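Notes follow the structure.
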There are 2 protein chains.
Amino acid sequence: MRKVKIYITLKEGVLDPQGKAVQHSLHSLEYTNVGEVRIGKYMEVMIEDKDNIEQQVEKMCDQLLANPVIEDYSYSIEEVV
Amino acid sequence: MRKVKIYITLKEGVLDPQGKAVQHSLHSLEYTNVGEVRIGKYMEVMIEDKDNIEQQVEKMCDQLLANPVIEDYSYSIEEVV
(Lines give C-alpha, C1' and ligand atoms only; values in the text may rest on other atoms or scores of the structure.)
Protein backbone atom coordinates (compact mmCIF):
# COMPACT_ATOMS: atom_id res chain seq x y z
CA MET A 1 0.00 0.00 0.00
CA ARG A 2 1.24 3.49 -0.78
CA LYS A 3 -0.04 6.84 0.33
CA VAL A 4 -0.10 9.34 -2.52
CA LYS A 5 -0.26 12.98 -1.48
CA ILE A 6 -1.64 15.17 -4.24
CA TYR A 7 -1.45 18.96 -4.24
CA ILE A 8 -3.70 20.79 -6.68
CA THR A 9 -3.20 24.50 -7.25
CA LEU A 10 -4.71 27.06 -9.57
CA LYS A 11 -2.44 27.98 -12.45
CA GLU A 12 -0.69 31.30 -12.23
CA GLY A 13 -2.87 34.00 -13.74
CA VAL A 14 -6.13 32.25 -12.88
CA LEU A 15 -8.20 34.42 -10.55
CA ASP A 16 -8.78 32.99 -7.08
CA PRO A 17 -11.82 34.71 -5.52
CA GLN A 18 -11.82 32.30 -2.57
CA GLY A 19 -8.21 33.24 -1.84
CA LYS A 20 -9.10 36.94 -2.12
CA ALA A 21 -11.94 36.47 0.37
CA VAL A 22 -9.63 34.74 2.84
CA GLN A 23 -7.06 37.49 2.39
CA HIS A 24 -9.68 40.14 3.21
CA SER A 25 -10.81 38.18 6.26
CA LEU A 26 -7.23 37.93 7.50
CA HIS A 27 -6.83 41.68 7.05
CA SER A 28 -10.04 42.29 9.05
CA LEU A 29 -8.53 40.16 11.80
CA GLU A 30 -5.57 42.58 11.89
CA TYR A 31 -3.15 40.31 10.06
CA THR A 32 -2.18 43.22 7.88
CA ASN A 33 1.16 41.72 6.81
CA VAL A 34 -0.62 39.05 4.76
CA GLY A 35 -0.23 39.29 0.99
CA GLU A 36 -1.66 37.08 -1.72
CA VAL A 37 -3.57 33.97 -0.66
CA ARG A 38 -4.09 31.10 -3.11
CA ILE A 39 -6.29 28.17 -2.23
CA GLY A 40 -5.91 24.70 -3.61
CA LYS A 41 -6.78 21.15 -2.77
CA TYR A 42 -4.87 18.46 -0.96
CA MET A 43 -5.71 14.78 -1.28
CA GLU A 44 -4.39 11.62 0.29
CA VAL A 45 -5.10 8.55 -1.82
CA MET A 46 -4.19 5.02 -0.72
CA ILE A 47 -3.15 2.89 -3.68
CA GLU A 48 -2.15 -0.76 -3.76
CA ASP A 49 1.40 -1.26 -4.94
CA LYS A 50 1.94 -1.85 -8.62
CA ASP A 51 4.39 -0.93 -11.34
CA ASN A 52 4.12 2.51 -12.89
CA ILE A 53 2.24 3.94 -9.97
CA GLU A 54 3.41 7.45 -11.03
CA GLN A 55 1.80 6.94 -14.40
CA GLN A 56 -1.47 5.87 -12.76
CA VAL A 57 -1.48 8.90 -10.45
CA GLU A 58 -0.92 11.28 -13.36
CA LYS A 59 -3.71 9.66 -15.36
CA MET A 60 -6.07 9.89 -12.36
CA CYS A 61 -5.24 13.58 -11.93
CA ASP A 62 -5.74 14.37 -15.61
CA GLN A 63 -8.97 12.40 -15.84
CA LEU A 64 -10.71 13.22 -12.58
CA LEU A 65 -8.86 14.87 -9.74
CA ALA A 66 -7.60 18.08 -11.35
CA ASN A 67 -8.88 20.32 -14.10
CA PRO A 68 -5.86 20.59 -16.39
CA VAL A 69 -7.25 23.71 -18.04
CA ILE A 70 -6.93 25.87 -14.94
CA GLU A 71 -5.10 23.72 -12.38
CA ASP A 72 -1.62 22.33 -11.88
CA TYR A 73 -0.86 19.37 -9.68
CA SER A 74 2.09 17.78 -7.99
CA TYR A 75 2.32 14.67 -5.87
CA SER A 76 4.56 12.63 -3.64
CA ILE A 77 4.36 8.91 -2.96
CA GLU A 78 5.05 7.37 0.43
CA GLU A 79 5.46 3.75 1.38
CA VAL A 80 2.98 2.69 4.07
CA VAL A 81 3.65 -0.36 6.20
CA MET B 1 8.32 37.98 2.10
CA ARG B 2 7.70 34.36 2.98
CA LYS B 3 5.47 31.80 1.36
CA VAL B 4 3.62 29.74 3.93
CA LYS B 5 2.21 26.45 2.66
CA ILE B 6 -0.65 25.24 4.82
CA TYR B 7 -2.09 21.72 4.64
CA ILE B 8 -5.46 21.18 6.29
CA THR B 9 -6.75 17.64 6.74
CA LEU B 10 -9.77 16.12 8.42
CA LYS B 11 -8.96 14.50 11.74
CA GLU B 12 -8.79 10.73 11.79
CA GLY B 13 -12.22 9.32 12.51
CA VAL B 14 -14.07 12.23 10.93
CA LEU B 15 -16.16 10.99 8.00
CA ASP B 16 -15.13 12.32 4.59
CA PRO B 17 -18.07 11.95 2.19
CA GLN B 18 -16.28 13.94 -0.51
CA GLY B 19 -13.36 11.53 -0.32
CA LYS B 20 -15.75 8.58 -0.50
CA ALA B 21 -17.35 10.05 -3.62
CA VAL B 22 -13.97 10.50 -5.28
CA GLN B 23 -13.03 6.93 -4.33
CA HIS B 24 -16.20 5.60 -5.98
CA SER B 25 -15.54 7.66 -9.10
CA LEU B 26 -12.00 6.31 -9.31
CA HIS B 27 -13.37 2.77 -8.99
CA SER B 28 -15.86 3.46 -11.80
CA LEU B 29 -12.93 4.58 -13.94
CA GLU B 30 -11.37 1.11 -13.38
CA TYR B 31 -8.79 2.26 -10.84
CA THR B 32 -9.76 -0.65 -8.63
CA ASN B 33 -6.52 -0.62 -6.64
CA VAL B 34 -7.48 2.67 -4.99
CA GLY B 35 -8.26 2.51 -1.28
CA GLU B 36 -9.28 5.27 1.08
CA VAL B 37 -9.32 8.83 -0.26
CA ARG B 38 -9.21 11.80 2.13
CA ILE B 39 -9.64 15.32 0.87
CA GLY B 40 -8.22 18.38 2.51
CA LYS B 41 -7.24 21.91 1.68
CA TYR B 42 -3.97 23.42 0.62
CA MET B 43 -3.22 27.12 0.90
CA GLU B 44 -0.33 29.32 -0.04
CA VAL B 45 -0.19 32.53 1.98
CA MET B 46 2.37 35.27 1.37
CA ILE B 47 3.40 36.93 4.62
CA GLU B 48 5.75 39.82 5.20
CA ASP B 49 8.75 38.85 7.30
CA LYS B 50 8.49 39.37 11.02
CA ASP B 51 9.47 37.68 14.24
CA ASN B 52 7.38 34.76 15.46
CA ILE B 53 5.92 34.08 12.07
CA GLU B 54 5.18 30.49 13.18
CA GLN B 55 3.10 31.83 16.03
CA GLN B 56 1.15 34.07 13.65
CA VAL B 57 0.48 31.21 11.25
CA GLU B 58 -0.81 28.99 14.04
CA LYS B 59 -3.07 31.76 15.30
CA MET B 60 -4.42 32.36 11.80
CA CYS B 61 -5.15 28.65 11.38
CA ASP B 62 -6.89 28.37 14.74
CA GLN B 63 -8.91 31.52 14.21
CA LEU B 64 -9.91 31.32 10.57
CA LEU B 65 -8.25 28.89 8.21
CA ALA B 66 -8.93 25.56 9.89
CA ASN B 67 -11.72 24.26 12.07
CA PRO B 68 -9.82 22.86 15.06
CA VAL B 69 -12.79 20.72 16.09
CA ILE B 70 -12.60 18.45 13.04
CA GLU B 71 -9.43 19.47 11.22
CA ASP B 72 -5.69 19.22 11.75
CA TYR B 73 -3.20 21.43 10.01
CA SER B 74 0.47 21.53 9.27
CA TYR B 75 2.56 24.10 7.47
CA SER B 76 5.95 24.88 6.06
CA ILE B 77 7.53 28.28 5.57
CA GLU B 78 9.68 29.17 2.59
CA GLU B 79 11.82 32.21 1.99
CA VAL B 80 10.84 34.06 -1.18
CA VAL B 81 13.27 36.42 -2.85
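Chain labels run A, B, ... following the order of the C-alpha coordinates; each chain numbers its residues from 1, and ligands are numbered from 1 in the order shown.
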For Glu58 (chain A), work out the shell of residues within 9 Å, counting only C-alpha atoms and skipping chain neighbours fewer than 6 positions away, then give it as a ChimeraX atom specification.
/A:73-75
Return as a list in words the residues belonging to chain B that are within 6 Å of chain A, counting only C-alpha atoms.
Asn33, Val34, Gly35, Glu36, Val37, Arg38, Ile39, Gly40, Lys41, Tyr42, Met43, Glu44, Val45, Met46, Ile47 and Glu48 of chain B
Which residues in region 1-34 of chain B does DSSP call alpha helix (DSSP H)? List them as a ChimeraX atom specification.
/B:17-28
Please produce a file of the residues just selected, as an mmCIF file, in the first residue's frame, where the atoms kept are all heavy atoms.
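Saved file selection02.cif follows:
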data_model
loop_
_atom_site.group_PDB
_atom_site.id
_atom_site.type_symbol
_atom_site.label_atom_id
_atom_site.label_comp_id
_atom_site.auth_asym_id
_atom_site.auth_seq_id
_atom_site.Cartn_x
_atom_site.Cartn_y
_atom_site.Cartn_z
ATOM 1 N N PRO B 17 -17.208 12.370 3.296
ATOM 2 C CA PRO B 17 -18.073 11.952 2.191
ATOM 3 C C PRO B 17 -17.533 12.359 0.818
ATOM 4 O O PRO B 17 -17.716 11.631 -0.154
ATOM 5 C CB PRO B 17 -19.405 12.651 2.477
ATOM 6 C CG PRO B 17 -19.149 13.605 3.582
ATOM 7 C CD PRO B 17 -17.862 13.276 4.237
ATOM 8 N N GLN B 18 -16.854 13.503 0.770
ATOM 9 C CA GLN B 18 -16.278 13.945 -0.506
ATOM 10 C C GLN B 18 -15.197 12.955 -0.959
ATOM 11 O O GLN B 18 -15.126 12.581 -2.133
ATOM 12 C CB GLN B 18 -15.677 15.346 -0.312
ATOM 13 C CG GLN B 18 -15.447 16.108 -1.603
ATOM 14 C CD GLN B 18 -14.670 17.405 -1.392
ATOM 15 O OE1 GLN B 18 -14.364 17.795 -0.249
ATOM 16 N NE2 GLN B 18 -14.332 18.069 -2.470
ATOM 17 N N GLY B 19 -14.385 12.524 -0.011
ATOM 18 C CA GLY B 19 -13.361 11.526 -0.319
ATOM 19 C C GLY B 19 -13.980 10.216 -0.782
ATOM 20 O O GLY B 19 -13.493 9.580 -1.723
ATOM 21 N N LYS B 20 -15.052 9.812 -0.119
ATOM 22 C CA LYS B 20 -15.755 8.577 -0.504
ATOM 23 C C LYS B 20 -16.273 8.685 -1.934
ATOM 24 O O LYS B 20 -16.177 7.743 -2.725
ATOM 25 C CB LYS B 20 -16.938 8.324 0.435
ATOM 26 C CG LYS B 20 -16.633 7.489 1.654
ATOM 27 C CD LYS B 20 -16.941 6.000 1.385
ATOM 28 C CE LYS B 20 -16.407 5.072 2.477
ATOM 29 N NZ LYS B 20 -14.999 4.707 2.321
ATOM 30 N N ALA B 21 -16.819 9.850 -2.275
ATOM 31 C CA ALA B 21 -17.353 10.055 -3.625
ATOM 32 C C ALA B 21 -16.238 9.943 -4.661
ATOM 33 O O ALA B 21 -16.406 9.309 -5.715
ATOM 34 C CB ALA B 21 -18.036 11.418 -3.713
ATOM 35 N N VAL B 22 -15.097 10.564 -4.346
ATOM 36 C CA VAL B 22 -13.967 10.496 -5.282
ATOM 37 C C VAL B 22 -13.479 9.054 -5.416
ATOM 38 O O VAL B 22 -13.176 8.580 -6.517
ATOM 39 C CB VAL B 22 -12.827 11.423 -4.794
ATOM 40 C CG1 VAL B 22 -11.554 11.174 -5.578
ATOM 41 C CG2 VAL B 22 -13.233 12.876 -4.913
ATOM 42 N N GLN B 23 -13.452 8.332 -4.294
ATOM 43 C CA GLN B 23 -13.026 6.932 -4.332
ATOM 44 C C GLN B 23 -13.944 6.116 -5.254
ATOM 45 O O GLN B 23 -13.469 5.345 -6.096
ATOM 46 C CB GLN B 23 -13.061 6.369 -2.907
ATOM 47 C CG GLN B 23 -12.498 4.968 -2.789
ATOM 48 C CD GLN B 23 -12.655 4.408 -1.369
ATOM 49 O OE1 GLN B 23 -13.123 5.101 -0.466
ATOM 50 N NE2 GLN B 23 -12.263 3.154 -1.187
ATOM 51 N N HIS B 24 -15.253 6.319 -5.120
ATOM 52 C CA HIS B 24 -16.198 5.601 -5.979
ATOM 53 C C HIS B 24 -15.983 5.962 -7.447
ATOM 54 O O HIS B 24 -16.020 5.091 -8.320
ATOM 55 C CB HIS B 24 -17.640 5.917 -5.565
ATOM 56 C CG HIS B 24 -18.059 5.199 -4.323
ATOM 57 N ND1 HIS B 24 -18.083 3.826 -4.231
ATOM 58 C CD2 HIS B 24 -18.442 5.644 -3.106
ATOM 59 C CE1 HIS B 24 -18.474 3.460 -3.013
ATOM 60 N NE2 HIS B 24 -18.692 4.553 -2.303
ATOM 61 N N SER B 25 -15.769 7.252 -7.709
ATOM 62 C CA SER B 25 -15.545 7.665 -9.099
ATOM 63 C C SER B 25 -14.293 7.007 -9.657
ATOM 64 O O SER B 25 -14.278 6.575 -10.813
ATOM 65 C CB SER B 25 -15.381 9.180 -9.188
ATOM 66 O OG SER B 25 -16.493 9.821 -8.648
ATOM 67 N N LEU B 26 -13.238 6.943 -8.841
ATOM 68 C CA LEU B 26 -12.004 6.305 -9.312
ATOM 69 C C LEU B 26 -12.244 4.821 -9.602
ATOM 70 O O LEU B 26 -11.742 4.280 -10.585
ATOM 71 C CB LEU B 26 -10.880 6.487 -8.279
ATOM 72 C CG LEU B 26 -10.317 7.908 -8.190
ATOM 73 C CD1 LEU B 26 -9.413 8.064 -6.971
ATOM 74 C CD2 LEU B 26 -9.541 8.275 -9.450
ATOM 75 N N HIS B 27 -13.041 4.178 -8.740
ATOM 76 C CA HIS B 27 -13.368 2.767 -8.989
ATOM 77 C C HIS B 27 -14.141 2.616 -10.305
ATOM 78 O O HIS B 27 -13.871 1.707 -11.088
ATOM 79 C CB HIS B 27 -14.161 2.181 -7.816
ATOM 80 C CG HIS B 27 -13.323 1.943 -6.606
ATOM 81 N ND1 HIS B 27 -13.846 1.525 -5.392
ATOM 82 C CD2 HIS B 27 -11.991 2.059 -6.405
ATOM 83 C CE1 HIS B 27 -12.860 1.407 -4.511
ATOM 84 N NE2 HIS B 27 -11.731 1.734 -5.093
ATOM 85 N N SER B 28 -15.088 3.539 -10.550
ATOM 86 C CA SER B 28 -15.858 3.459 -11.803
ATOM 87 C C SER B 28 -14.956 3.634 -13.012
ATOM 88 O O SER B 28 -15.256 3.147 -14.102
ATOM 89 C CB SER B 28 -16.943 4.525 -11.884
ATOM 90 O OG SER B 28 -17.447 4.845 -10.633
#
Of the candidates A:Glu71, A:Glu30, A:Glu54, A:Glu79, which one gets nearest to Val14 (chain A) if we count only C-alpha atoms?
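Nearest to Val14 (chain A): A:Glu71.
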Figure out the distance between CA of Ile53 (chain A) and CA of Pro68 (chain A), please, to one decimal in Å.
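Here the two named atoms are 19.6 Å from each other.
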Please report, as a ChimeraX atom specification, each residue of chain B to which DSSP assigns strand (DSSP E or B) when run on this structure's backbone.
/B:2-10,34-47,71-79
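Residue nearest Leu10 (chain A) within the list A:Cys61, A:Val81, A:Ala66, A:Ser76: A:Ala66 [criterion: smallest interatomic distance, only C-alpha atoms].
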Report the distance between CA of Ile77 (chain A) and CA of Glu78 (chain B) in Å, rounded to one decimal place.
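The value is 21.7 Å.
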